[in-house]
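Shown below: input-v6.csv, with CSV, C-alpha atoms and all ligand atoms.
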```csv
chain,number,residue,atom,x,y,z
A,1222,MET,CA,11.4,-72.8,29.2
A,1223,THR,CA,8.0,-74.5,28.8
A,1224,ASN,CA,7.2,-77.4,31.0
A,1225,GLN,CA,3.6,-77.9,30.3
A,1226,THR,CA,1.7,-78.0,27.1
A,1227,ASN,CA,0.5,-74.6,26.0
A,1228,THR,CA,-3.2,-74.6,25.4
A,1229,GLU,CA,-3.1,-72.9,22.0
A,1230,ARG,CA,-2.3,-75.0,19.0
A,1231,GLN,CA,1.5,-75.2,18.4
A,1232,VAL,CA,3.6,-76.3,15.5
A,1233,ILE,CA,5.7,-79.1,16.9
A,1234,LEU,CA,8.8,-80.7,15.3
A,1235,THR,CA,10.7,-83.4,16.9
A,1236,GLY,CA,12.9,-86.2,15.7
A,1237,ASP,CA,15.1,-89.2,16.3
A,1238,ARG,CA,18.4,-90.2,14.8
A,1239,ALA,CA,17.9,-93.4,12.9
A,1240,THR,CA,20.7,-95.4,14.4
A,1241,GLY,CA,19.0,-98.3,16.0
A,1242,PRO,CA,15.7,-99.4,17.5
A,1243,LEU,CA,14.0,-97.2,20.1
A,1244,HIS,CA,13.9,-98.3,23.7
A,1245,LEU,CA,12.2,-97.7,27.0
A,1246,GLY,CA,14.1,-94.5,27.6
A,1247,HIS,CA,12.6,-93.0,24.4
A,1248,TYR,CA,9.2,-94.3,25.5
A,1249,VAL,CA,9.3,-92.6,28.9
A,1250,GLY,CA,11.2,-89.5,27.8
A,1251,SER,CA,9.4,-88.6,24.6
A,1252,LEU,CA,7.2,-91.1,22.8
A,1253,LYS,CA,4.4,-91.1,25.4
A,1254,GLN,CA,4.4,-87.3,25.4
A,1255,ARG,CA,4.2,-87.2,21.6
A,1256,VAL,CA,1.2,-89.5,21.6
A,1257,SER,CA,-0.6,-87.1,23.8
A,1258,LEU,CA,0.5,-84.0,21.9
A,1259,GLN,CA,-0.8,-85.3,18.5
A,1260,ASP,CA,-4.4,-84.6,19.3
A,1261,GLU,CA,-4.1,-80.9,20.1
A,1262,HIS,CA,-1.2,-79.8,18.0
A,1263,ASP,CA,0.3,-79.8,14.5
A,1264,GLN,CA,3.0,-82.3,15.1
A,1265,THR,CA,5.7,-83.5,12.7
A,1266,ILE,CA,8.2,-86.2,13.6
A,1267,LEU,CA,11.4,-86.4,11.5
A,1268,VAL,CA,13.3,-89.6,11.1
A,1269,ALA,CA,16.8,-88.1,11.1
A,1270,ASP,CA,18.7,-90.4,8.8
A,1271,MET,CA,21.1,-87.7,7.6
A,1272,GLN,CA,22.0,-86.8,11.2
A,1273,GLY,CA,22.4,-90.6,11.9
A,1274,LEU,CA,25.1,-90.6,9.2
A,1275,THR,CA,27.2,-87.9,10.9
A,1276,ASP,CA,28.9,-90.5,12.9
A,1277,ASN,CA,28.1,-93.6,10.9
A,1278,ALA,CA,29.3,-92.9,7.4
A,1279,HIS,CA,31.7,-95.8,7.6
A,1280,ASN,CA,28.7,-98.1,8.4
A,1281,PRO,CA,25.7,-96.5,6.6
A,1282,SER,CA,23.6,-99.7,6.7
A,1283,LYS,CA,23.3,-99.1,10.5
A,1284,VAL,CA,21.3,-96.0,9.5
A,1285,SER,CA,19.4,-97.3,6.4
A,1286,SER,CA,18.4,-100.5,8.2
A,1287,SER,CA,17.0,-98.5,11.1
A,1288,ILE,CA,14.6,-96.2,9.3
A,1289,LEU,CA,11.6,-98.5,9.0
A,1290,ASN,CA,12.2,-100.0,12.5
A,1291,VAL,CA,11.9,-96.5,13.9
A,1292,VAL,CA,8.7,-95.9,12.0
A,1293,ALA,CA,7.3,-99.2,13.3
A,1294,ASP,CA,8.3,-98.2,16.8
A,1295,TYR,CA,6.3,-94.9,16.5
A,1296,LEU,CA,3.2,-96.7,15.2
A,1297,ALA,CA,3.5,-99.4,17.9
A,1298,VAL,CA,3.4,-96.9,20.7
A,1299,GLY,CA,0.4,-95.1,19.3
A,1300,ILE,CA,1.7,-92.4,16.9
A,1301,ASP,CA,-1.1,-92.1,14.4
A,1302,PRO,CA,0.0,-91.0,11.0
A,1303,ARG,CA,-3.4,-89.3,10.4
A,1304,LYS,CA,-2.6,-87.0,13.3
A,1305,THR,CA,1.2,-86.7,13.2
A,1306,THR,CA,3.2,-86.2,10.0
A,1307,VAL,CA,6.1,-88.7,10.0
A,1308,CYS,CA,8.8,-87.8,7.4
A,1309,LEU,CA,12.3,-88.7,6.4
A,1310,GLN,CA,15.1,-86.1,6.6
A,1311,SER,CA,17.0,-87.2,3.5
A,1312,GLN,CA,13.8,-86.8,1.4
A,1313,LEU,CA,13.7,-83.1,2.2
A,1314,PRO,CA,16.4,-81.3,0.2
A,1315,ALA,CA,15.4,-77.9,1.7
A,1316,LEU,CA,16.9,-79.1,5.0
A,1317,ALA,CA,20.3,-79.6,3.4
A,1318,GLU,CA,20.1,-76.3,1.6
A,1319,LEU,CA,19.1,-74.4,4.7
A,1320,THR,CA,22.1,-76.0,6.5
A,1321,MET,CA,24.4,-74.5,3.9
A,1322,TYR,CA,23.0,-71.0,4.4
A,1323,TYR,CA,23.0,-71.2,8.2
A,1324,SER,CA,26.6,-72.5,8.2
A,1325,ASN,CA,27.7,-69.0,7.2
A,1326,VAL,CA,26.3,-67.4,10.3
A,1327,VAL,CA,27.7,-69.9,12.8
A,1328,THR,CA,31.4,-69.9,13.9
A,1329,VAL,CA,33.4,-73.1,14.4
A,1330,THR,CA,34.2,-71.8,17.9
A,1331,ARG,CA,30.5,-71.7,18.7
A,1332,LEU,CA,30.1,-75.2,17.4
A,1333,GLU,CA,33.0,-76.5,19.5
A,1334,ARG,CA,31.4,-74.9,22.6
A,1335,ASN,CA,28.1,-76.9,22.3
A,1336,PRO,CA,28.2,-79.0,25.5
A,1337,THR,CA,26.3,-82.0,24.0
A,1338,VAL,CA,28.4,-82.1,20.9
A,1339,LYS,CA,31.5,-81.6,23.0
A,1340,SER,CA,30.8,-84.6,25.3
A,1341,GLU,CA,29.8,-86.7,22.3
A,1342,ILE,CA,33.0,-85.9,20.5
A,1343,LYS,CA,34.9,-86.9,23.7
A,1344,SER,CA,33.0,-90.2,24.3
A,1345,LYS,CA,33.3,-91.2,20.7
A,1346,GLY,CA,37.0,-90.6,20.7
A,1347,PHE,CA,37.1,-88.7,17.4
A,1348,GLU,CA,40.1,-86.5,18.0
A,1349,ARG,CA,41.6,-85.6,14.6
A,1350,SER,CA,39.1,-87.8,12.7
A,1351,LEU,CA,36.1,-85.7,13.7
A,1352,PRO,CA,33.7,-85.6,10.7
A,1353,ALA,CA,32.8,-82.0,9.7
A,1354,GLY,CA,29.2,-83.2,9.5
A,1355,PHE,CA,29.2,-84.2,13.1
A,1356,LEU,CA,30.6,-80.9,14.4
A,1357,THR,CA,28.0,-79.1,12.4
A,1358,TYR,CA,24.9,-81.3,13.1
A,1359,PRO,CA,23.5,-78.6,15.4
A,1360,ILE,CA,23.2,-76.4,12.3
A,1361,SER,CA,21.4,-79.1,10.5
A,1362,GLN,CA,19.1,-79.6,13.4
A,1363,ALA,CA,18.4,-75.9,13.4
A,1364,ALA,CA,17.4,-76.3,9.7
A,1365,ASP,CA,15.1,-79.2,10.7
A,1366,ILE,CA,13.3,-77.1,13.3
A,1367,THR,CA,13.1,-73.8,11.5
A,1368,ALA,CA,12.1,-75.3,8.2
A,1369,PHE,CA,8.8,-76.3,9.8
A,1370,ASN,CA,8.4,-73.0,11.5
A,1371,ALA,CA,8.2,-75.0,14.7
A,1372,THR,CA,7.5,-73.2,18.0
A,1373,LEU,CA,7.7,-76.1,20.3
A,1374,VAL,CA,10.3,-78.9,20.3
A,1375,PRO,CA,9.8,-81.8,22.7
A,1376,VAL,CA,13.3,-83.0,23.6
A,1377,GLY,CA,15.4,-84.5,26.3
A,1378,ASP,CA,17.6,-82.2,28.3
A,1379,ASP,CA,20.6,-83.2,26.4
A,1380,GLN,CA,19.1,-81.4,23.4
A,1381,LEU,CA,18.7,-78.0,25.1
A,1382,PRO,CA,22.0,-76.7,23.6
A,1383,MET,CA,20.6,-77.5,20.1
A,1384,ILE,CA,17.5,-75.4,20.8
A,1385,GLU,CA,19.7,-72.6,22.1
A,1386,GLN,CA,21.8,-72.7,18.9
A,1387,THR,CA,18.7,-72.8,16.8
A,1388,ASN,CA,17.4,-69.7,18.3
A,1389,GLU,CA,20.8,-67.9,17.9
A,1390,ILE,CA,20.6,-68.7,14.2
A,1391,VAL,CA,17.0,-67.5,14.0
A,1392,ARG,CA,18.0,-64.2,15.6
A,1393,LYS,CA,20.9,-63.8,13.2
A,1394,ILE,CA,18.7,-64.4,10.1
A,1395,ASN,CA,16.0,-62.1,11.4
A,1396,SER,CA,18.4,-59.4,12.1
A,1397,LEU,CA,20.0,-59.7,8.6
A,1398,ALA,CA,16.5,-59.6,7.2
A,1399,GLY,CA,15.5,-56.7,9.4
A,1400,LYS,CA,12.2,-58.4,10.0
A,1401,PRO,CA,11.0,-61.7,11.6
A,1402,VAL,CA,11.4,-64.3,8.9
A,1403,LEU,CA,11.9,-67.2,11.2
A,1404,LYS,CA,10.3,-68.1,14.5
A,1405,GLU,CA,12.2,-68.8,17.7
A,1406,CYS,CA,11.2,-72.1,19.4
A,1407,LYS,CA,10.9,-73.4,22.9
A,1408,PRO,CA,11.9,-76.8,24.3
A,1409,LEU,CA,9.2,-79.0,25.8
A,1410,LEU,CA,10.8,-81.2,28.4
A,1411,SER,CA,9.0,-84.3,29.5
A,1412,ASN,CA,7.8,-84.3,33.2
A,1413,ALA,CA,9.1,-87.9,33.5
A,1414,SER,CA,12.7,-88.0,34.8
A,1415,ARG,CA,15.3,-89.7,32.7
A,1416,LEU,CA,15.2,-93.4,32.9
A,1417,PRO,CA,18.5,-94.9,33.9
A,1418,SER,CA,20.3,-97.6,32.0
A,1419,THR,CA,19.8,-101.1,33.3
A,1420,ASP,CA,23.3,-101.1,34.7
A,1421,GLY,CA,22.6,-97.9,36.6
A,1422,LYS,CA,25.9,-96.4,35.5
A,1423,ASN,CA,25.9,-95.1,32.0
A,1424,LYS,CA,23.8,-93.3,29.5
A,1425,MET,CA,21.5,-95.8,27.7
A,1426,SER,CA,23.3,-97.1,24.7
A,1427,LYS,CA,22.5,-100.1,22.5
A,1428,SER,CA,26.2,-100.9,22.1
A,1429,MET,CA,26.6,-101.1,25.9
A,1430,GLY,CA,23.7,-103.6,26.1
A,1431,ASN,CA,22.1,-101.6,28.9
A,1432,THR,CA,18.7,-100.8,27.3
A,1433,ILE,CA,15.4,-102.6,26.8
A,1434,ASN,CA,14.2,-102.0,23.3
A,1435,LEU,CA,10.5,-101.6,22.5
A,1436,GLY,CA,10.7,-104.7,20.4
A,1437,ALA,CA,12.5,-106.8,23.1
A,1438,THR,CA,11.5,-110.4,23.2
A,1439,GLU,CA,10.2,-112.0,26.4
A,1440,LYS,CA,13.6,-113.6,26.9
A,1441,GLU,CA,15.5,-110.3,26.4
A,1442,ILE,CA,13.2,-108.5,28.9
A,1443,SER,CA,13.8,-111.3,31.4
A,1444,THR,CA,17.6,-111.2,31.0
A,1445,ALA,CA,17.7,-107.5,31.2
A,1446,VAL,CA,15.7,-107.3,34.4
A,1447,ARG,CA,17.7,-110.1,36.0
A,1448,SER,CA,20.9,-108.2,35.4
A,1449,MET,CA,19.6,-104.9,36.7
A,1450,TYR,CA,21.6,-102.9,39.1
A,1451,THR,CA,20.1,-102.9,42.6
A,1452,ASP,CA,21.6,-102.0,46.0
A,1453,PRO,CA,25.1,-103.6,46.1
A,1454,ASP,CA,25.1,-103.6,49.9
A,1455,HIS,CA,21.8,-105.5,50.1
A,1456,LEU,CA,23.4,-108.9,50.4
A,1457,LYS,CA,20.9,-111.0,52.4
A,1458,VAL,CA,17.1,-110.8,52.1
A,1459,GLU,CA,16.8,-109.7,55.7
A,1460,ASP,CA,19.1,-106.8,55.2
A,1461,PRO,CA,17.6,-103.3,54.9
A,1462,GLY,CA,18.0,-102.2,51.3
A,1463,LYS,CA,18.4,-98.8,49.5
A,1464,VAL,CA,15.7,-97.7,47.1
A,1465,GLU,CA,17.5,-94.6,45.7
A,1466,GLY,CA,19.7,-95.5,42.8
A,1467,ASN,CA,18.1,-99.0,42.7
A,1468,VAL,CA,17.2,-99.3,39.1
A,1469,VAL,CA,14.5,-101.9,39.8
A,1470,PHE,CA,12.6,-99.4,41.8
A,1471,THR,CA,13.1,-96.6,39.3
A,1472,TYR,CA,11.6,-98.8,36.6
A,1473,LEU,CA,8.7,-99.8,38.9
A,1474,ASP,CA,8.0,-96.1,39.5
A,1475,ALA,CA,8.0,-95.5,35.8
A,1476,PHE,CA,5.9,-98.5,34.7
A,1477,HIS,CA,3.9,-100.1,37.5
A,1478,PRO,CA,0.3,-98.9,37.4
A,1479,ASP,CA,-0.2,-99.3,41.1
A,1480,ILE,CA,1.7,-96.5,42.9
A,1481,LYS,CA,0.5,-97.5,46.3
A,1482,TYR,CA,1.7,-101.1,45.9
A,1483,VAL,CA,5.1,-99.8,44.7
A,1484,SER,CA,5.4,-97.6,47.8
A,1485,GLN,CA,4.6,-100.5,50.1
A,1486,LEU,CA,7.3,-102.5,48.3
A,1487,LYS,CA,9.8,-99.8,48.8
A,1488,LYS,CA,9.0,-99.6,52.6
A,1489,HIS,CA,9.3,-103.4,52.8
A,1490,TYR,CA,12.7,-103.3,51.0
A,1491,GLN,CA,14.0,-100.5,53.2
A,1492,ARG,CA,13.2,-102.3,56.4
A,1493,GLY,CA,14.5,-105.6,55.1
A,1494,GLY,CA,13.0,-108.9,54.3
A,1495,LEU,CA,12.3,-108.3,50.6
A,1496,GLY,CA,14.8,-109.9,48.2
A,1497,ASP,CA,16.0,-108.6,44.9
A,1498,GLY,CA,14.8,-111.8,43.2
A,1499,THR,CA,11.2,-110.9,44.3
A,1500,THR,CA,11.4,-107.2,43.3
A,1501,LYS,CA,12.8,-108.3,39.9
A,1502,LYS,CA,10.1,-110.8,39.4
A,1503,ILE,CA,7.4,-108.1,40.0
A,1504,LEU,CA,9.2,-105.7,37.6
A,1505,GLU,CA,9.6,-108.4,35.0
A,1506,GLU,CA,5.9,-109.2,35.0
A,1507,CYS,CA,5.0,-105.6,34.8
A,1508,LEU,CA,7.4,-104.9,31.8
A,1509,GLN,CA,6.2,-108.1,30.0
A,1510,GLU,CA,2.7,-106.7,30.2
A,1511,VAL,CA,3.7,-103.2,29.0
A,1512,LEU,CA,5.8,-104.4,26.2
A,1513,LYS,CA,3.8,-107.4,24.9
A,1514,PRO,CA,1.2,-105.3,22.9
A,1515,ILE,CA,3.9,-102.9,21.7
A,1516,ARG,CA,6.0,-105.8,20.4
A,1517,GLU,CA,3.1,-107.4,18.7
A,1518,ARG,CA,2.0,-104.3,17.0
A,1519,ARG,CA,5.6,-103.5,16.0
A,1520,GLU,CA,6.0,-107.0,14.4
A,1521,LYS,CA,2.7,-106.6,12.6
A,1522,TYR,CA,3.8,-103.3,11.1
A,1523,LEU,CA,7.2,-104.6,10.1
A,1524,LYS,CA,5.5,-107.4,8.1
A,1525,ASP,CA,4.1,-104.7,5.8
A,1526,LYS,CA,7.1,-102.7,4.8
A,1527,ALA,CA,5.3,-101.2,1.8
A,1528,GLN,CA,2.8,-99.6,4.2
A,1529,LEU,CA,5.6,-98.1,6.3
A,1530,ILE,CA,7.2,-96.7,3.2
A,1531,ASP,CA,3.9,-95.2,2.1
A,1532,ILE,CA,3.5,-93.5,5.5
A,1533,LEU,CA,7.0,-92.0,5.2
A,1534,ARG,CA,6.5,-91.0,1.6
A,1535,ALA,CA,3.2,-89.2,2.2
A,1536,GLY,CA,4.6,-87.4,5.3
A,1537,SER,CA,7.7,-86.4,3.3
A,1538,GLU,CA,5.6,-85.0,0.4
A,1539,ILE,CA,3.6,-82.8,2.7
A,1540,SER,CA,6.8,-81.7,4.5
A,1541,ARG,CA,8.7,-81.0,1.3
A,1542,GLU,CA,6.2,-78.2,0.5
A,1543,LYS,CA,6.4,-76.7,3.9
A,1544,THR,CA,10.2,-76.7,4.0
A,1545,ASN,CA,10.6,-75.4,0.5
A,1546,ASP,CA,8.6,-72.4,1.4
A,1547,ILE,CA,10.9,-71.5,4.3
A,1548,LEU,CA,13.9,-72.2,2.2
A,1549,LEU,CA,12.7,-69.6,-0.3
A,1550,ARG,CA,12.3,-67.0,2.4
A,1551,VAL,CA,15.8,-67.6,3.8
A,1552,LYS,CA,17.3,-67.4,0.3
A,1553,SER,CA,15.6,-64.0,-0.1
A,1554,VAL,CA,17.2,-62.8,3.1
A,1555,PHE,CA,20.5,-63.3,1.3
A,1556,GLY,CA,19.2,-61.7,-1.9
A,1557,LEU,CA,19.2,-65.0,-3.8
A,1558,ASN,CA,15.8,-64.8,-5.3
A,1559,LEU,CA,16.5,-63.6,-8.8
A,1560,PHE,CA,14.2,-66.3,-10.2
B,1601,LIG,N1,19.3,-84.8,17.8
B,1601,LIG,C1,18.1,-85.6,18.0
B,1601,LIG,C2,18.6,-87.0,18.7
B,1601,LIG,O1,19.7,-87.2,18.8
B,1601,LIG,C3,17.4,-86.0,16.7
B,1601,LIG,C4,16.9,-84.8,15.9
B,1601,LIG,C5,17.3,-84.5,14.7
B,1601,LIG,C6,16.0,-83.8,16.4
B,1601,LIG,N2,16.6,-83.4,14.3
B,1601,LIG,C7,15.8,-82.9,15.3
B,1601,LIG,C8,15.3,-83.6,17.6
B,1601,LIG,C9,14.9,-81.8,15.4
B,1601,LIG,C10,14.4,-82.5,17.7
B,1601,LIG,C11,14.3,-81.7,16.6
B,1601,LIG,O2,17.7,-87.8,19.0
```
Show this structure as structure tokens.
Ligand code: TRP
Amino acid sequence: MTNQTNTERQVILTGDRATGPLHLGHYVGSLKQRVSLQDEHDQTILVADMQGLTDNAHNPSKVSSSILNVVADYLAVGIDPRKTTVCLQSQLPALAELTMYYSNVVTVTRLERNPTVKSEIKSKGFERSLPAGFLTYPISQAADITAFNATLVPVGDDQLPMIEQTNEIVRKINSLAGKPVLKECKPLLSNASRLPSTDGKNKMSKSMGNTINLGATEKEISTAVRSMYTDPDHLKVEDPGKVEGNVVFTYLDAFHPDIKYVSQLKKHYQRGGLGDGTTKKILEECLQEVLKPIRERREKYLKDKAQLIDILRAGSEISREKTNDILLRVKSVFGLNLF
């Protein structure tokens, strides 16, 4: 497993399901890292609209209406389309074709064992109505990664099982071919620890209302900070308070530029005499400052939808060529290259 950026130039592929706006968790966990990777590496970001449909086919507008928002989120945080190729999964037919070929070398049992998919199936309560596309999305994700010949995949730790399954598929195809046709990839985990949800309890999820979106208004930021989980035993200002598990401090650690100041605040809180109202006020000011420029850029980009579409179209055209090339190689492995 790689935890730091390799010095040699790597082919990087990463992506996000288009199922809603991106939030601070994405920012800390992956977007900041992508911005720094784009200078030294050959980076492609895939807006995974087809993967978004695997559990939203009953409500496809949730996906279609998210696509341009996600692109605006990328640009607003500093992804530069001249350095990073941004493309749209549904515009790359080679990905769907590769998924079909790979499906034949993956067992249903193996899919059912994928821990991330397993817990998603449980939490979404699919039972007998589990869409086949959802169970098999790791295969489609393997197609995404291999179609670009990616060697490095920046992801959160919940995506590690996808990388593992991708590499199993790579080894199967290579062993069928008797030569290395596809490359294995490595995950690149961010050094930042996972940002907790504002309620401190659950995984961040838009439907739970426990996230702060990159496009959050001043009012939304303020409401979210005010409702943040702190130390439930810290009842009076004079009481000593707990910093561990206190979401306000976790966010201050992640976003406040003055580390020394935050450490003084923590000590003060622990010895007593610092109220939650005050720490929340400090955090709110800090987040307002971080998010204001992002929100403004995001709004500006969303005003020019044609420009966003052009960026996706240009990125998808470049990617179509790359992915078609890999598709031909995989078809040849199965002898399907008569013409
Ligand atoms: N599964 C990823 C997510 O839920 C999105 C994704 C799709 C992805 N294809 C990918 C991530 C390829 C990395 C590489 O956000």
Where's the centre, and what are the edge lengths in Å to one decimal, of a box along x, y and z enclosing all listed atoms of segment 1308-1316 of chain A padded 6 Å per side, as JSON?
```
{"center_x": 12.9, "center_y": -83.3, "center_z": 3.8, "size_x": 20.2, "size_y": 22.8, "size_z": 19.2}
```
Please, which residues have at least one atom within 6 Å of an atom of ligand LIG 1601 (chain B), using only C-alpha atoms and all ligand atoms, listed as a PDB file with C-alpha atoms, in the frame of the given file?
```pdb
ATOM      1  CA  LEU A1234       8.800 -80.700  15.300  1.00  0.00           C
ATOM      2  CA  THR A1235      10.700 -83.400  16.900  1.00  0.00           C
ATOM      3  CA  GLY A1236      12.900 -86.200  15.700  1.00  0.00           C
ATOM      4  CA  ASP A1237      15.100 -89.200  16.300  1.00  0.00           C
ATOM      5  CA  ARG A1238      18.400 -90.200  14.800  1.00  0.00           C
ATOM      6  CA  ALA A1269      16.800 -88.100  11.100  1.00  0.00           C
ATOM      7  CA  GLN A1362      19.100 -79.600  13.400  1.00  0.00           C
ATOM      8  CA  ASP A1365      15.100 -79.200  10.700  1.00  0.00           C
ATOM      9  CA  ILE A1366      13.300 -77.100  13.300  1.00  0.00           C
TER      10      ILE A1366
END
```
Counting only C-alpha atoms, figure out which residue out of A:Lys1457, A:His1489, A:Arg1519, A:Arg1331 gets nearest to Ile1390 of chain A.
A:Arg1331
Please indicate the distance in Å from atom CA of Val1307 of chain A to atom CA of Met1425 of chain A, rounded to one decimal place.
24.5 Å
Which neighbours of Val1458 of chain A fall inside 7 Å, counting only C-alpha atoms, when residues of the same chain fewer than 6 positions from it are skipped, and could you give them as a compact mmCIF listing (two decimals) with C-alpha atoms, in the frame of the given file?
```txt
# COMPACT_ATOMS: atom_id res chain seq x y z
CA GLY A 1493 14.50 -105.60 55.10
CA GLY A 1494 13.00 -108.90 54.30
CA LEU A 1495 12.30 -108.30 50.60
CA GLY A 1496 14.80 -109.90 48.20
```
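Interatomic distance, atom CA of Gln1491 of chain A to atom CA of Ala1413 of chain A: 23.9 Å.
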In terms of all atoms listed in the file, the residue from A:Thr1432, A:Asn1280, A:Thr1275, A:Asn1395 at minimal distance from Phe1555 of chain A is A:Asn1395
Place all heavy atoms on segment 1419-1426 of chain A and deliver the coordinates as a JSON list (two decimals), keeping the file's coordinate frame.
```
[["chain", "number", "residue", "atom", "x", "y", "z"],
["A", 1419, "THR", "N", 20.00, -100.00, 32.44],
["A", 1419, "THR", "CA", 19.80, -101.10, 33.30],
["A", 1419, "THR", "C", 20.96, -101.39, 34.26],
["A", 1419, "THR", "O", 20.80, -101.94, 35.33],
["A", 1419, "THR", "CB", 19.46, -102.42, 32.53],
["A", 1419, "THR", "OG1", 20.50, -102.61, 31.58],
["A", 1419, "THR", "CG2", 18.13, -102.33, 31.82],
["A", 1420, "ASP", "N", 22.16, -100.95, 33.85],
["A", 1420, "ASP", "CA", 23.30, -101.10, 34.70],
["A", 1420, "ASP", "C", 23.47, -99.99, 35.72],
["A", 1420, "ASP", "O", 24.38, -99.99, 36.55],
["A", 1420, "ASP", "CB", 24.62, -101.32, 33.90],
["A", 1420, "ASP", "CG", 24.89, -100.18, 32.95],
["A", 1420, "ASP", "OD1", 24.24, -99.11, 33.10],
["A", 1420, "ASP", "OD2", 25.73, -100.33, 32.05],
["A", 1421, "GLY", "N", 22.58, -99.00, 35.60],
["A", 1421, "GLY", "CA", 22.60, -97.90, 36.60],
["A", 1421, "GLY", "C", 23.78, -96.97, 36.46],
["A", 1421, "GLY", "O", 23.94, -96.06, 37.26],
["A", 1422, "LYS", "N", 24.64, -97.20, 35.48],
["A", 1422, "LYS", "CA", 25.90, -96.40, 35.50],
["A", 1422, "LYS", "C", 26.00, -95.47, 34.33],
["A", 1422, "LYS", "O", 26.49, -94.36, 34.46],
["A", 1422, "LYS", "CB", 27.08, -97.42, 35.34],
["A", 1422, "LYS", "CG", 27.32, -98.21, 36.59],
["A", 1422, "LYS", "CD", 28.64, -98.96, 36.50],
["A", 1422, "LYS", "CE", 28.80, -99.92, 37.64],
["A", 1422, "LYS", "NZ", 27.96, -101.13, 37.50],
["A", 1423, "ASN", "N", 25.56, -95.92, 33.16],
["A", 1423, "ASN", "CA", 25.90, -95.10, 32.00],
["A", 1423, "ASN", "C", 24.61, -94.60, 31.33],
["A", 1423, "ASN", "O", 23.50, -94.96, 31.69],
["A", 1423, "ASN", "CB", 26.55, -96.05, 30.95],
["A", 1423, "ASN", "CG", 27.81, -96.65, 31.51],
["A", 1423, "ASN", "OD1", 28.76, -95.94, 31.75],
["A", 1423, "ASN", "ND2", 27.81, -97.94, 31.74],
["A", 1424, "LYS", "N", 24.85, -93.77, 30.34],
["A", 1424, "LYS", "CA", 23.80, -93.30, 29.50],
["A", 1424, "LYS", "C", 23.29, -94.56, 28.71],
["A", 1424, "LYS", "O", 24.09, -95.43, 28.39],
["A", 1424, "LYS", "CB", 24.33, -92.29, 28.51],
["A", 1424, "LYS", "CG", 23.29, -91.33, 28.02],
["A", 1424, "LYS", "CD", 23.87, -90.31, 27.08],
["A", 1424, "LYS", "CE", 22.75, -89.88, 26.15],
["A", 1424, "LYS", "NZ", 23.02, -88.83, 25.26],
["A", 1425, "MET", "N", 21.99, -94.63, 28.44],
["A", 1425, "MET", "CA", 21.50, -95.80, 27.70],
["A", 1425, "MET", "C", 22.15, -95.84, 26.33],
["A", 1425, "MET", "O", 22.22, -94.83, 25.63],
["A", 1425, "MET", "CB", 20.01, -95.68, 27.48],
["A", 1425, "MET", "CG", 19.24, -96.03, 28.69],
["A", 1425, "MET", "SD", 17.59, -96.44, 28.21],
["A", 1425, "MET", "CE", 16.82, -96.23, 29.78],
["A", 1426, "SER", "N", 22.63, -96.99, 25.97],
["A", 1426, "SER", "CA", 23.30, -97.10, 24.70],
["A", 1426, "SER", "C", 23.17, -98.55, 24.23],
["A", 1426, "SER", "O", 23.47, -99.47, 25.00],
["A", 1426, "SER", "CB", 24.70, -96.63, 24.77],
["A", 1426, "SER", "OG", 25.55, -97.47, 24.05]]
```
